[in-house]
file model.tsv (TSV, C-alpha atoms and all ligand atoms)
chain	number	residue	atom	x	y	z
Z	1	MET	CA	4.52	-17.75	71.99
Z	2	LYS	CA	1.56	-15.37	71.93
Z	3	LEU	CA	-1.74	-16.35	70.37
Z	4	HIS	CA	-3.97	-13.74	68.84
Z	5	GLU	CA	-7.24	-13.10	70.66
Z	6	TYR	CA	-9.24	-14.81	67.90
Z	7	GLN	CA	-7.05	-17.92	68.24
Z	8	ALA	CA	-7.13	-17.86	72.04
Z	9	ARG	CA	-10.92	-17.59	72.23
Z	10	GLU	CA	-11.29	-20.51	69.82
Z	11	LEU	CA	-9.03	-22.59	72.03
Z	12	LEU	CA	-10.95	-21.65	75.19
Z	13	ALA	CA	-14.30	-22.28	73.49
Z	14	ARG	CA	-13.20	-25.88	72.89
Z	15	TYR	CA	-13.03	-26.28	76.67
Z	16	GLY	CA	-16.59	-25.04	77.05
Z	17	ILE	CA	-15.85	-21.44	77.94
Z	18	PRO	CA	-18.66	-19.25	76.55
Z	19	VAL	CA	-17.44	-16.72	73.99
Z	20	THR	CA	-19.28	-14.43	71.57
Z	21	GLY	CA	-19.81	-15.29	67.92
Z	22	GLY	CA	-17.66	-13.60	65.31
Z	23	GLY	CA	-14.96	-13.86	62.68
Z	24	VAL	CA	-11.65	-12.42	61.50
Z	25	ALA	CA	-11.35	-9.84	58.74
Z	26	VAL	CA	-8.34	-8.43	56.91
Z	27	THR	CA	-10.33	-5.87	54.88
Z	28	PRO	CA	-13.16	-3.47	55.80
Z	29	ALA	CA	-15.45	-5.27	53.31
Z	30	GLU	CA	-14.86	-8.58	55.09
Z	31	ALA	CA	-15.66	-6.89	58.40
Z	32	ARG	CA	-18.93	-5.68	56.94
Z	33	ALA	CA	-19.83	-9.17	55.72
Z	34	ILE	CA	-19.19	-10.66	59.18
Z	35	ALA	CA	-21.29	-7.92	60.81
Z	36	GLU	CA	-24.11	-8.69	58.36
Z	37	GLN	CA	-23.99	-12.34	59.36
Z	38	ILE	CA	-24.05	-11.47	63.05
Z	39	GLY	CA	-26.99	-9.20	62.35
Z	40	GLY	CA	-26.70	-6.79	65.27
Z	41	PRO	CA	-24.23	-4.43	66.94
Z	42	VAL	CA	-20.65	-5.66	66.78
Z	43	VAL	CA	-17.32	-4.85	68.36
Z	44	VAL	CA	-14.34	-4.51	66.00
Z	45	LYS	CA	-11.06	-5.41	67.69
Z	46	ALA	CA	-7.45	-5.01	66.54
Z	47	GLN	CA	-5.61	-8.34	66.57
Z	48	VAL	CA	-2.14	-7.37	67.77
Z	49	HIS	CA	0.08	-8.95	70.38
Z	50	VAL	CA	-0.27	-6.23	73.02
Z	51	GLY	CA	-2.67	-5.46	75.84
Z	52	GLY	CA	-4.54	-2.23	76.37
Z	53	ARG	CA	-5.91	-2.15	72.84
Z	54	GLY	CA	-9.13	-0.61	74.10
Z	55	LYS	CA	-7.38	2.45	75.50
Z	56	ALA	CA	-5.25	2.76	72.35
Z	57	GLY	CA	-8.36	3.01	70.16
Z	58	GLY	CA	-8.11	-0.53	68.81
Z	59	VAL	CA	-11.52	-1.70	70.10
Z	60	LYS	CA	-14.63	0.01	68.72
Z	61	LEU	CA	-18.34	-0.66	68.75
Z	62	ALA	CA	-20.39	-0.49	65.55
Z	63	GLN	CA	-24.20	-0.49	65.36
Z	64	THR	CA	-24.58	-1.40	61.68
Z	65	PRO	CA	-22.61	-3.36	59.05
Z	66	ALA	CA	-21.80	-0.08	57.30
Z	67	GLU	CA	-20.39	1.32	60.51
Z	68	ALA	CA	-18.42	-1.91	61.08
Z	69	GLU	CA	-16.85	-1.44	57.66
Z	70	GLN	CA	-15.95	2.15	58.46
Z	71	VAL	CA	-14.55	1.35	61.90
Z	72	ALA	CA	-12.55	-1.61	60.52
Z	73	GLY	CA	-11.08	0.80	57.97
Z	74	GLN	CA	-9.87	2.99	60.85
Z	75	ILE	CA	-8.41	0.13	62.88
Z	76	LEU	CA	-6.76	-1.86	60.06
Z	77	GLY	CA	-3.33	-0.35	59.43
Z	78	MET	CA	-3.37	1.44	62.77
Z	79	ASN	CA	-0.14	1.38	64.77
Z	80	ILE	CA	-0.62	0.17	68.34
Z	81	LYS	CA	2.47	0.27	70.55
Z	82	GLY	CA	4.73	-0.23	67.53
Z	83	LEU	CA	2.71	-3.00	65.89
Z	84	THR	CA	0.68	-2.57	62.70
Z	85	VAL	CA	-2.85	-3.96	62.79
Z	86	GLU	CA	-3.33	-6.44	59.94
Z	87	LYS	CA	-6.40	-8.30	61.18
Z	88	VAL	CA	-9.51	-7.40	63.13
Z	89	LEU	CA	-11.89	-9.60	65.04
Z	90	VAL	CA	-15.51	-8.71	64.41
Z	91	ALA	CA	-17.56	-10.08	67.29
Z	92	GLU	CA	-21.10	-9.82	68.48
Z	93	ALA	CA	-21.33	-6.87	70.91
Z	94	VAL	CA	-22.99	-7.61	74.20
Z	95	SER	CA	-24.21	-5.43	77.01
Z	96	TYR	CA	-23.23	-6.38	80.50
Z	97	GLU	CA	-23.41	-5.28	84.12
Z	98	ARG	CA	-20.01	-6.21	85.55
Z	99	GLU	CA	-16.49	-7.00	84.40
Z	100	ILE	CA	-14.49	-9.74	86.13
Z	101	TYR	CA	-10.85	-10.75	85.72
Z	102	LEU	CA	-9.83	-14.42	85.64
Z	103	SER	CA	-6.53	-16.06	84.72
Z	104	ALA	CA	-4.33	-19.10	85.17
Z	105	ILE	CA	-0.61	-18.46	85.47
Z	106	LEU	CA	2.48	-20.33	86.54
Z	107	ASP	CA	3.38	-18.74	89.87
Z	108	ARG	CA	7.11	-19.19	90.29
Z	109	GLY	CA	6.90	-18.19	93.94
Z	110	SER	CA	4.62	-21.03	95.00
Z	111	LYS	CA	5.83	-23.21	92.11
Z	112	ARG	CA	2.21	-23.96	91.28
Z	113	ILE	CA	-0.30	-23.12	88.65
Z	114	THR	CA	-2.28	-20.35	90.25
Z	115	MET	CA	-5.71	-18.97	89.48
Z	116	ILE	CA	-6.11	-15.22	89.80
Z	117	ALA	CA	-9.54	-13.62	89.98
Z	118	SER	CA	-10.76	-10.13	90.65
Z	119	ALA	CA	-14.11	-8.41	90.80
Z	120	GLU	CA	-12.32	-5.42	89.28
Z	121	GLY	CA	-11.92	-6.69	85.75
Z	122	GLY	CA	-11.76	-4.77	82.51
Z	123	VAL	CA	-8.66	-2.75	83.26
Z	124	GLU	CA	-5.17	-4.21	83.37
Z	125	ILE	CA	-4.63	-6.35	86.43
Z	126	GLU	CA	-1.27	-4.64	87.09
Z	127	GLU	CA	-3.28	-1.45	87.69
Z	128	VAL	CA	-5.57	-3.18	90.21
Z	129	ALA	CA	-2.51	-4.71	91.90
Z	130	LYS	CA	-1.17	-1.19	92.48
Z	131	THR	CA	-4.34	0.62	93.48
Z	132	ASN	CA	-6.28	-2.12	95.30
Z	133	PRO	CA	-4.20	-5.27	95.92
Z	134	ALA	CA	-6.86	-6.68	98.26
Z	135	ALA	CA	-9.17	-7.03	95.26
Z	136	ILE	CA	-6.93	-9.71	93.76
Z	137	ILE	CA	-7.69	-13.27	94.83
Z	138	LYS	CA	-5.13	-16.03	94.22
Z	139	ILE	CA	-5.62	-19.74	94.69
Z	140	SER	CA	-2.96	-22.30	93.74
Z	141	ALA	CA	-3.93	-25.61	92.19
Z	142	HIS	CA	-2.68	-28.84	93.69
Z	143	PRO	CA	0.34	-30.16	91.74
Z	144	THR	CA	-1.16	-33.60	91.08
Z	145	MET	CA	-4.87	-33.25	91.83
Z	146	GLY	CA	-5.22	-30.02	89.88
Z	147	LEU	CA	-7.73	-27.29	90.60
Z	148	LEU	CA	-10.29	-28.83	92.90
Z	149	ASP	CA	-13.97	-27.98	92.70
Z	150	PHE	CA	-14.07	-26.39	96.14
Z	151	GLN	CA	-11.15	-24.13	95.13
Z	152	ALA	CA	-12.96	-22.98	91.99
Z	153	ARG	CA	-16.09	-22.26	94.07
Z	154	GLU	CA	-14.03	-20.43	96.68
Z	155	LEU	CA	-12.70	-18.15	93.95
Z	156	ALA	CA	-16.27	-17.37	92.92
Z	157	PHE	CA	-17.36	-16.53	96.45
Z	158	ARG	CA	-14.30	-14.43	97.19
Z	159	ILE	CA	-14.94	-12.17	94.21
Z	160	GLY	CA	-18.50	-11.70	95.39
Z	161	LEU	CA	-20.48	-14.12	93.20
Z	162	ARG	CA	-23.00	-15.29	95.78
Z	163	ASP	CA	-25.78	-16.56	93.55
Z	164	GLY	CA	-25.54	-20.34	93.43
Z	165	LYS	CA	-26.09	-20.77	89.71
Z	166	GLN	CA	-23.69	-17.97	88.85
Z	167	ALA	CA	-21.00	-19.27	91.20
Z	168	ARG	CA	-21.38	-22.71	89.61
Z	169	GLN	CA	-20.94	-21.28	86.12
Z	170	PHE	CA	-17.91	-19.31	87.25
Z	171	ALA	CA	-16.39	-22.44	88.84
Z	172	GLN	CA	-16.93	-24.34	85.59
Z	173	ILE	CA	-15.21	-21.60	83.61
Z	174	ALA	CA	-12.30	-21.48	86.08
Z	175	SER	CA	-11.86	-25.27	85.86
Z	176	ALA	CA	-12.04	-25.15	82.06
Z	177	LEU	CA	-9.44	-22.37	81.98
Z	178	TYR	CA	-7.18	-24.42	84.24
Z	179	ARG	CA	-7.53	-27.48	81.99
Z	180	ALA	CA	-6.85	-25.40	78.87
Z	181	PHE	CA	-3.72	-24.05	80.56
Z	182	VAL	CA	-2.38	-27.48	81.52
Z	183	GLU	CA	-3.28	-29.40	78.37
Z	184	ASN	CA	-1.77	-26.81	76.04
Z	185	ASP	CA	1.35	-26.07	78.11
Z	186	ALA	CA	0.41	-22.42	78.47
Z	187	SER	CA	2.27	-19.91	80.60
Z	188	LEU	CA	-0.78	-17.66	80.80
Z	189	ALA	CA	-4.47	-18.13	80.05
Z	190	GLU	CA	-6.47	-15.00	80.78
Z	191	ILE	CA	-10.04	-13.77	80.38
Z	192	ASN	CA	-10.41	-10.01	80.87
Z	193	PRO	CA	-13.17	-9.06	80.94
Z	194	LEU	CA	-15.32	-12.01	81.88
Z	195	VAL	CA	-18.65	-10.21	81.96
Z	196	VAL	CA	-21.86	-10.70	83.90
Z	197	LYS	CA	-24.85	-10.12	81.65
Z	198	ALA	CA	-28.21	-8.75	82.75
Z	199	ASP	CA	-29.60	-12.31	83.03
Z	200	GLY	CA	-26.75	-13.18	85.41
Z	201	SER	CA	-24.86	-15.46	83.04
Z	202	LEU	CA	-21.14	-15.14	82.35
Z	203	LEU	CA	-19.41	-14.59	79.01
Z	204	ALA	CA	-15.73	-14.19	78.03
Z	205	LEU	CA	-15.24	-10.99	76.03
Z	206	ASP	CA	-11.45	-10.97	75.74
Z	207	SER	CA	-9.04	-13.90	75.86
Z	208	LYS	CA	-5.30	-14.03	76.00
Z	209	VAL	CA	-3.12	-17.15	75.85
Z	210	LEU	CA	0.67	-17.39	76.02
Z	211	LEU	CA	2.25	-20.75	75.23
Z	212	ASP	CA	5.48	-22.14	76.62
Z	213	GLU	CA	7.97	-22.07	73.72
Z	214	SER	CA	9.86	-25.03	75.16
Z	215	ALA	CA	6.75	-27.24	75.04
Z	216	LEU	CA	5.55	-26.18	71.58
Z	217	PHE	CA	7.02	-29.31	69.98
Z	218	ARG	CA	4.30	-31.26	71.76
Z	219	HIS	CA	1.61	-29.16	70.06
Z	220	PRO	CA	2.30	-28.90	66.33
Z	221	GLU	CA	-1.26	-27.64	65.75
Z	222	LEU	CA	-0.59	-24.73	68.12
Z	223	ALA	CA	2.89	-24.06	66.71
Z	224	ALA	CA	1.22	-23.67	63.30
Z	225	LEU	CA	-0.77	-20.74	64.68
Z	226	ARG	CA	2.36	-18.61	64.94
Z	227	ASP	CA	2.02	-15.32	63.10
Z	228	PRO	CA	5.61	-14.08	62.63
Z	229	SER	CA	4.51	-10.79	61.11
Z	230	ALA	CA	2.72	-9.99	64.37
Z	231	ASP	CA	5.79	-10.24	66.58
Z	232	PRO	CA	7.93	-7.20	67.18
Z	233	GLU	CA	10.68	-7.12	64.54
Z	234	ALA	CA	13.44	-7.49	67.17
Z	235	GLU	CA	11.87	-10.64	68.66
Z	236	ARG	CA	11.51	-12.22	65.24
Z	237	ARG	CA	15.11	-11.51	64.28
Z	238	ALA	CA	16.34	-12.84	67.62
Z	239	ARG	CA	14.43	-16.08	67.12
Z	240	GLU	CA	15.82	-16.46	63.60
Z	241	ALA	CA	19.38	-15.86	64.84
Z	242	ASP	CA	18.85	-18.25	67.79
Z	243	ILE	CA	19.44	-15.50	70.33
Z	244	THR	CA	17.48	-15.24	73.57
Z	245	TYR	CA	16.28	-11.64	73.71
Z	246	ILE	CA	13.78	-10.06	76.04
Z	247	LYS	CA	13.11	-6.36	75.75
Z	248	LEU	CA	12.92	-4.41	79.01
Z	249	ASP	CA	12.17	-0.79	79.82
Z	250	GLY	CA	15.65	0.57	80.66
Z	251	ASN	CA	18.24	2.30	78.49
Z	252	ILE	CA	21.37	0.15	78.81
Z	253	GLY	CA	21.57	-2.54	76.15
Z	254	CYS	CA	23.33	-5.71	77.26
Z	255	MET	CA	25.09	-8.35	75.21
Z	256	VAL	CA	26.18	-11.30	77.29
Z	257	ASN	CA	27.07	-14.94	76.73
Z	258	GLY	CA	25.23	-17.24	79.10
Z	259	ALA	CA	21.87	-16.78	80.78
Z	260	GLY	CA	23.27	-16.71	84.32
Z	261	LEU	CA	25.89	-14.15	83.39
Z	262	ALA	CA	23.21	-12.09	81.64
Z	263	MET	CA	21.10	-12.09	84.81
Z	264	ALA	CA	24.13	-11.10	86.90
Z	265	THR	CA	24.93	-8.33	84.41
Z	266	MET	CA	21.43	-6.87	84.75
Z	267	ASP	CA	21.74	-7.05	88.55
Z	268	VAL	CA	25.05	-5.20	88.55
Z	269	ILE	CA	23.67	-2.54	86.19
Z	270	LYS	CA	20.81	-1.94	88.62
Z	271	LEU	CA	23.22	-1.93	91.55
Z	272	SER	CA	25.18	0.78	89.74
Z	273	GLY	CA	22.05	2.91	89.44
Z	274	GLY	CA	21.08	2.02	85.86
Z	275	GLU	CA	18.27	0.13	84.16
Z	276	PRO	CA	18.87	-2.64	81.60
Z	277	ALA	CA	17.15	-2.24	78.23
Z	278	ASN	CA	17.12	-5.96	77.60
Z	279	PHE	CA	18.11	-9.46	78.55
Z	280	LEU	CA	20.23	-10.93	75.78
Z	281	ASP	CA	22.09	-14.21	75.72
Z	282	ILE	CA	24.12	-14.92	72.59
Z	283	GLY	CA	24.79	-18.43	73.91
Z	284	GLY	CA	28.01	-20.42	74.03
Z	285	GLY	CA	30.43	-20.42	71.11
Z	286	ALA	CA	28.71	-17.54	69.30
Z	287	GLY	CA	30.53	-16.43	66.16
Z	288	LYS	CA	30.83	-13.14	64.34
Z	289	GLU	CA	27.45	-13.31	62.55
Z	290	LYS	CA	25.52	-13.93	65.74
Z	291	VAL	CA	27.25	-11.08	67.55
Z	292	LYS	CA	26.45	-8.81	64.63
Z	293	ALA	CA	22.78	-9.80	64.69
Z	294	ALA	CA	22.63	-9.32	68.46
Z	295	LEU	CA	24.08	-5.81	68.28
Z	296	GLN	CA	21.66	-4.85	65.53
Z	297	ILE	CA	18.76	-6.12	67.65
Z	298	ILE	CA	19.95	-4.17	70.70
Z	299	LEU	CA	20.42	-0.96	68.70
Z	300	SER	CA	16.99	-1.27	67.09
Z	301	ASP	CA	15.52	-0.26	70.46
Z	302	PRO	CA	15.35	3.56	70.40
Z	303	ASN	CA	15.56	3.70	74.22
Z	304	VAL	CA	19.11	2.34	74.23
Z	305	LYS	CA	21.55	5.07	75.31
Z	306	ALA	CA	24.57	2.84	76.01
Z	307	VAL	CA	25.59	-0.76	75.38
Z	308	LEU	CA	27.47	-3.02	77.74
Z	309	PHE	CA	29.23	-6.12	76.40
Z	310	ASN	CA	29.96	-8.64	79.09
Z	311	ILE	CA	31.67	-11.62	77.51
Z	312	PHE	CA	33.33	-14.42	79.34
Z	313	GLY	CA	35.30	-16.39	76.78
Z	314	GLY	CA	35.18	-20.09	77.49
Z	315	ILE	CA	34.00	-21.92	74.41
Z	316	THR	CA	33.23	-18.48	73.01
Z	317	ARG	CA	36.38	-16.82	71.68
Z	318	VAL	CA	36.82	-13.20	72.62
Z	319	ASP	CA	38.55	-12.32	69.31
Z	320	GLU	CA	35.58	-13.78	67.40
Z	321	VAL	CA	33.20	-11.62	69.43
Z	322	ALA	CA	35.39	-8.56	68.81
Z	323	ARG	CA	35.24	-9.23	65.05
Z	324	GLY	CA	31.44	-9.46	65.29
Z	325	ILE	CA	31.23	-6.14	67.10
Z	326	LEU	CA	33.43	-4.44	64.50
Z	327	ALA	CA	31.47	-5.96	61.63
Z	328	ALA	CA	28.18	-4.82	63.18
Z	329	LEU	CA	29.48	-1.30	63.75
Z	330	GLU	CA	30.51	-1.11	60.12
Z	331	GLU	CA	26.99	-1.99	59.02
Z	332	VAL	CA	25.07	-0.06	61.65
Z	333	PRO	CA	27.03	3.08	62.39
Z	334	THR	CA	25.86	4.50	65.70
Z	335	ASP	CA	26.67	7.23	68.20
Z	336	VAL	CA	25.55	5.09	71.13
Z	337	PRO	CA	28.52	4.72	73.50
Z	338	MET	CA	29.68	1.17	74.16
Z	339	VAL	CA	31.53	-0.39	77.02
Z	340	ALA	CA	33.26	-3.75	76.67
Z	341	ARG	CA	34.31	-6.12	79.37
Z	342	LEU	CA	35.83	-9.02	77.52
Z	343	VAL	CA	37.76	-11.71	79.35
Z	344	GLY	CA	38.77	-15.31	78.74
Z	345	THR	CA	39.85	-17.26	75.69
Z	346	ASN	CA	41.87	-15.10	73.26
Z	347	GLU	CA	41.17	-11.94	75.25
Z	348	GLU	CA	44.47	-10.27	74.26
Z	349	ALA	CA	43.69	-10.78	70.59
Z	350	GLY	CA	40.16	-9.48	71.14
Z	351	ARG	CA	41.31	-6.37	72.96
Z	352	ALA	CA	43.94	-5.69	70.31
Z	353	LEU	CA	41.24	-5.83	67.62
Z	354	LEU	CA	39.11	-3.30	69.47
Z	355	ALA	CA	42.02	-1.03	70.45
Z	356	GLY	CA	41.49	1.48	67.65
Z	357	SER	CA	37.67	1.46	67.97
Z	358	LYS	CA	35.35	3.68	69.98
Z	359	LEU	CA	34.66	0.95	72.51
Z	360	ILE	CA	35.35	1.90	76.12
Z	361	PRO	CA	37.27	-0.91	77.82
Z	362	ALA	CA	36.47	-2.17	81.31
Z	363	ALA	CA	38.50	-4.65	83.32
Z	364	THR	CA	35.71	-5.91	85.58
Z	365	LEU	CA	31.94	-6.24	85.41
Z	366	ALA	CA	31.54	-3.64	88.18
Z	367	GLU	CA	33.68	-1.15	86.26
Z	368	GLY	CA	31.84	-1.97	83.03
Z	369	ALA	CA	28.44	-1.41	84.60
Z	370	GLN	CA	29.49	1.88	86.19
Z	371	LYS	CA	30.90	3.13	82.90
Z	372	ALA	CA	27.78	2.05	81.01
Z	373	VAL	CA	25.53	3.86	83.51
Z	374	ALA	CA	27.67	7.01	83.23
Z	375	ALA	CA	27.71	6.73	79.42
Z	376	ALA	CA	23.90	6.39	79.29
Z	377	ARG	CA	23.64	9.60	81.32
Z	378	GLY	CA	25.98	11.32	78.89
Z	379	GLU	CA	28.62	11.66	81.59
Z	380	LEU	CA	31.36	9.75	79.87
O	401	LIG	P1	-7.89	-4.87	75.66
O	401	LIG	O1	-8.05	-3.42	75.94
O	401	LIG	O2	-6.75	-5.13	74.72
O	401	LIG	O3	-7.81	-5.70	76.89
O	401	LIG	O4	-9.20	-5.33	74.86
O	401	LIG	P2	-10.63	-5.83	75.37
O	401	LIG	O5	-11.13	-6.84	74.43
O	401	LIG	O6	-10.61	-6.23	76.80
O	401	LIG	O7	-11.56	-4.56	75.17
O	401	LIG	C1	-11.43	-3.40	75.97
O	401	LIG	C2	-12.78	-2.98	76.50
O	401	LIG	O8	-13.72	-2.82	75.45
O	401	LIG	C3	-13.41	-3.98	77.45
O	401	LIG	O9	-12.92	-3.90	78.76
O	401	LIG	C4	-14.86	-3.58	77.36
O	401	LIG	O10	-15.12	-2.52	78.24
O	401	LIG	C5	-15.01	-3.10	75.92
O	401	LIG	N1	-15.68	-4.16	75.15
O	401	LIG	C6	-15.12	-5.20	74.50
O	401	LIG	N2	-16.06	-5.99	73.95
O	401	LIG	C7	-17.26	-5.41	74.23
O	401	LIG	C8	-18.64	-5.73	73.94
O	401	LIG	O11	-18.98	-6.73	73.32
O	401	LIG	N3	-19.58	-4.87	74.43
O	401	LIG	C9	-19.28	-3.76	75.13
O	401	LIG	N4	-20.25	-2.99	75.58
O	401	LIG	N5	-18.01	-3.44	75.43
O	401	LIG	C10	-17.01	-4.25	74.99
O	402	MN	MN	-8.94	-7.12	77.83
call {"tool": "encode", "arguments": {"input": "model.tsv", "output": "C-alpha cells"}}
result
Amino acid sequence: MKLHEYQARELLARYGIPVTGGGVAVTPAEARAIAEQIGGPVVVKAQVHVGGRGKAGGVKLAQTPAEAEQVAGQILGMNIKGLTVEKVLVAEAVSYEREIYLSAILDRGSKRITMIASAEGGVEIEEVAKTNPAAIIKISAHPTMGLLDFQARELAFRIGLRDGKQARQFAQIASALYRAFVENDASLAEINPLVVKADGSLLALDSKVLLDESALFRHPELAALRDPSADPEAERRAREADITYIKLDGNIGCMVNGAGLAMATMDVIKLSGGEPANFLDIGGGAGKEKVKAALQIILSDPNVKAVLFNIFGGITRVDEVARGILAALEEVPTDVPMVARLVGTNEEAGRALLAGSKLIPAATLAEGAQKAVAAARGEL
C-alpha cells in the first residue's frame, strides 16, 4: 500500500527525521491559508501515488500566499501519469546546497533490509543506477541486530559527508529511517531529496513509504490511511475482486490461475519474444464473475494488444472460466485478439463453449505464447 507524501513525512517525523512545516489543501483557498500561516515562500506539491511529480509539473514554488493559491489552482485537477490530483501539500520552501538520496528497502538478493544512499539525489535513483552505478552505496542491516551505528556512519562517509556533526546527523536519520521501516512493516521508506542546507544541517524534502499489504492487519492506524481514490482504477478493481494484478510495461495481457503459473507464463512470453502487460492471478476456483472482472481489468490497459489465457483447471473448472470469458466479451466488446490455452478439469466442455467465439485456441503454453506474440504484432 502506498502512502501519500504528506502521510509518509508525518510518519517519518515521528521517528525524529527533520521535515519542513506545512499542511494539506484540497482547494486553492486552503492552500493560500496554509501559505499565510507559514509566512514565507512555499512549495506546492501534488499528492498522487507516482514519482517524478517535479518533472511532470506537479511541484511548484510560490513566493506569496496569493501565488500559492494560483499555483494550487493549476496543480489541483491536473492529470499526472493517469492520476488526477485531488490534494496538494503546501510546505515551507527551503534553499539548499546539495541533494542526497536515502532509502531502506527489502533486498531480495541478500534477503536483508538494505540501506541505499547516494550523493546524487533529487533525480530518480533508477536514472543514477543507469548513468553512474558507482554513486549508489548499499549497506545491508544485520537480521537480528539491525542497522548498526558504524554502518550508518559508513554510509555517511561513503557519500562524502566528512564533517563530523553532519555525518552524525545523517547516521541518526538513516537509523530512524531503518526503524520506521521495520516497525511499520514497510517495503520501501525513501527520502529523495534529503537536502544539505547552507548551515550544513540535513532536512527531508520528499518522503515516500510503501507498506507491506500482508502485514497491514498489524497496523490498523496505517490501514486507515488508505486513499482508494488515489490508486489507479485497475488496481482498485482488482483489490475489490480479490485478484492479484500488477501492471507491467508490455503489450500482452495475461490471465492465469496460480501465481507460479503466472510467473511461468510471463517467462514463456518473454522467451517467445514478447513482453507481458501484467501479472494477473485469478486464484484457485475462480468463477465466472471473477474471470469477467479480470478480463475487464486487463483490457482497461490501452497498451494491451493481445491477451493470453493460461488456465490449468484443477479446482478451477475450465468451463466456468470459459463462461466468464464469454460473459466479459459480451459486456466489453473488443478487437484485441485473444489466445486461450485451457487444460484440466472440464476442458472439453470449456473448449466447446468457446468453439464459436473469436478466441484462438492453443494446445500448449509454448504455442499459446507464440500465438499471443504474433497476434500482438498483428501477424495473426
Ligand atoms: P518528485 O519529483 O515526485 O520526487 O517530487 P519532489 O518532492 O522530490 O520534488 C521535486 C524537486 O522539486 C526536488 O528534487 C527539488 O529540486 C524541488 N523541491 C522540492 N521541494 C523544494 C523546496 O522546498 N525548495 C526548493 N528550492 N526546491 C524544492
Ligand atoms: Mn522526490
call {"tool": "residues_near_point", "arguments": {"input": "model.tsv", "point": "(-5.7, -24.2, 78.8)", "cutoff": "12 Å", "atoms": "all atoms listed in the file", "output": "PyMOL selection string"}}
result
chain Z and resi 8-17+103-106+113+115+173-191+207-212+222
call {"tool": "residues_around", "arguments": {"input": "model.tsv", "residues": "segment 135-138 of chain Z", "least_positions_apart": "3", "cutoff": "6 Å", "atoms": "all atoms listed in the file", "output": "ChimeraX atom specification"}}
result
/Z:115-118,132
call {"tool": "write_last_selection", "arguments": {"input": "model.tsv", "atoms": "C-alpha atoms", "output": "compact mmCIF listing (two decimals), in the frame of the given file"}}
result
# COMPACT_ATOMS: atom_id res chain seq x y z
CA MET Z 115 -5.71 -18.97 89.48
CA ILE Z 116 -6.11 -15.22 89.80
CA ALA Z 117 -9.54 -13.62 89.98
CA SER Z 118 -10.76 -10.13 90.65
CA ASN Z 132 -6.28 -2.12 95.30
call {"tool": "residues_near_ligand", "arguments": {"input": "model.tsv", "ligand": "ligand LIG 401 (chain O)", "cutoff": "8 Å", "atoms": "all atoms listed in the file", "output": "number ranges by chain"}}
result
Z: 20, 42-43, 45, 50-56, 58-61, 91-96, 99, 121-124, 192-193, 205-207
call {"tool": "residues_around", "arguments": {"input": "model.tsv", "residues": "segment 300-309 of chain Z", "least_positions_apart": "3", "cutoff": "7 Å", "atoms": "only C-alpha atoms", "output": "short mmCIF file (atom, residue, chain, number, x, y, z; two decimals) with C-alpha atoms, in the coordinates of the input"}}
result
data_model
loop_
_atom_site.label_atom_id
_atom_site.label_comp_id
_atom_site.auth_asym_id
_atom_site.auth_seq_id
_atom_site.Cartn_x
_atom_site.Cartn_y
_atom_site.Cartn_z
CA ASN Z 251 18.24 2.30 78.49
CA ILE Z 252 21.37 0.15 78.81
CA GLY Z 253 21.57 -2.54 76.15
CA CYS Z 254 23.33 -5.71 77.26
CA MET Z 255 25.09 -8.35 75.21
CA VAL Z 256 26.18 -11.30 77.29
CA ALA Z 277 17.15 -2.24 78.23
CA GLN Z 296 21.66 -4.85 65.53
CA ILE Z 297 18.76 -6.12 67.65
CA VAL Z 336 25.55 5.09 71.13
CA PRO Z 337 28.52 4.72 73.50
CA MET Z 338 29.68 1.17 74.16
CA VAL Z 339 31.53 -0.39 77.02
CA ALA Z 340 33.26 -3.75 76.67
CA ARG Z 341 34.31 -6.12 79.37
CA GLY Z 368 31.84 -1.97 83.03
CA ALA Z 372 27.78 2.05 81.01
CA ALA Z 375 27.71 6.73 79.42
CA ALA Z 376 23.90 6.39 79.29
#
call {"tool": "atom_distance", "arguments": {"input": "model.tsv", "atom1": "atom CA of Glu367 of chain Z", "atom2": "atom CA of Ala234 of chain Z"}}
result
28.5 Å
call {"tool": "atom_distance", "arguments": {"input": "model.tsv", "atom1": "atom CA of Asn346 of chain Z", "atom2": "atom CA of Leu299 of chain Z"}}
result
26.1 Å
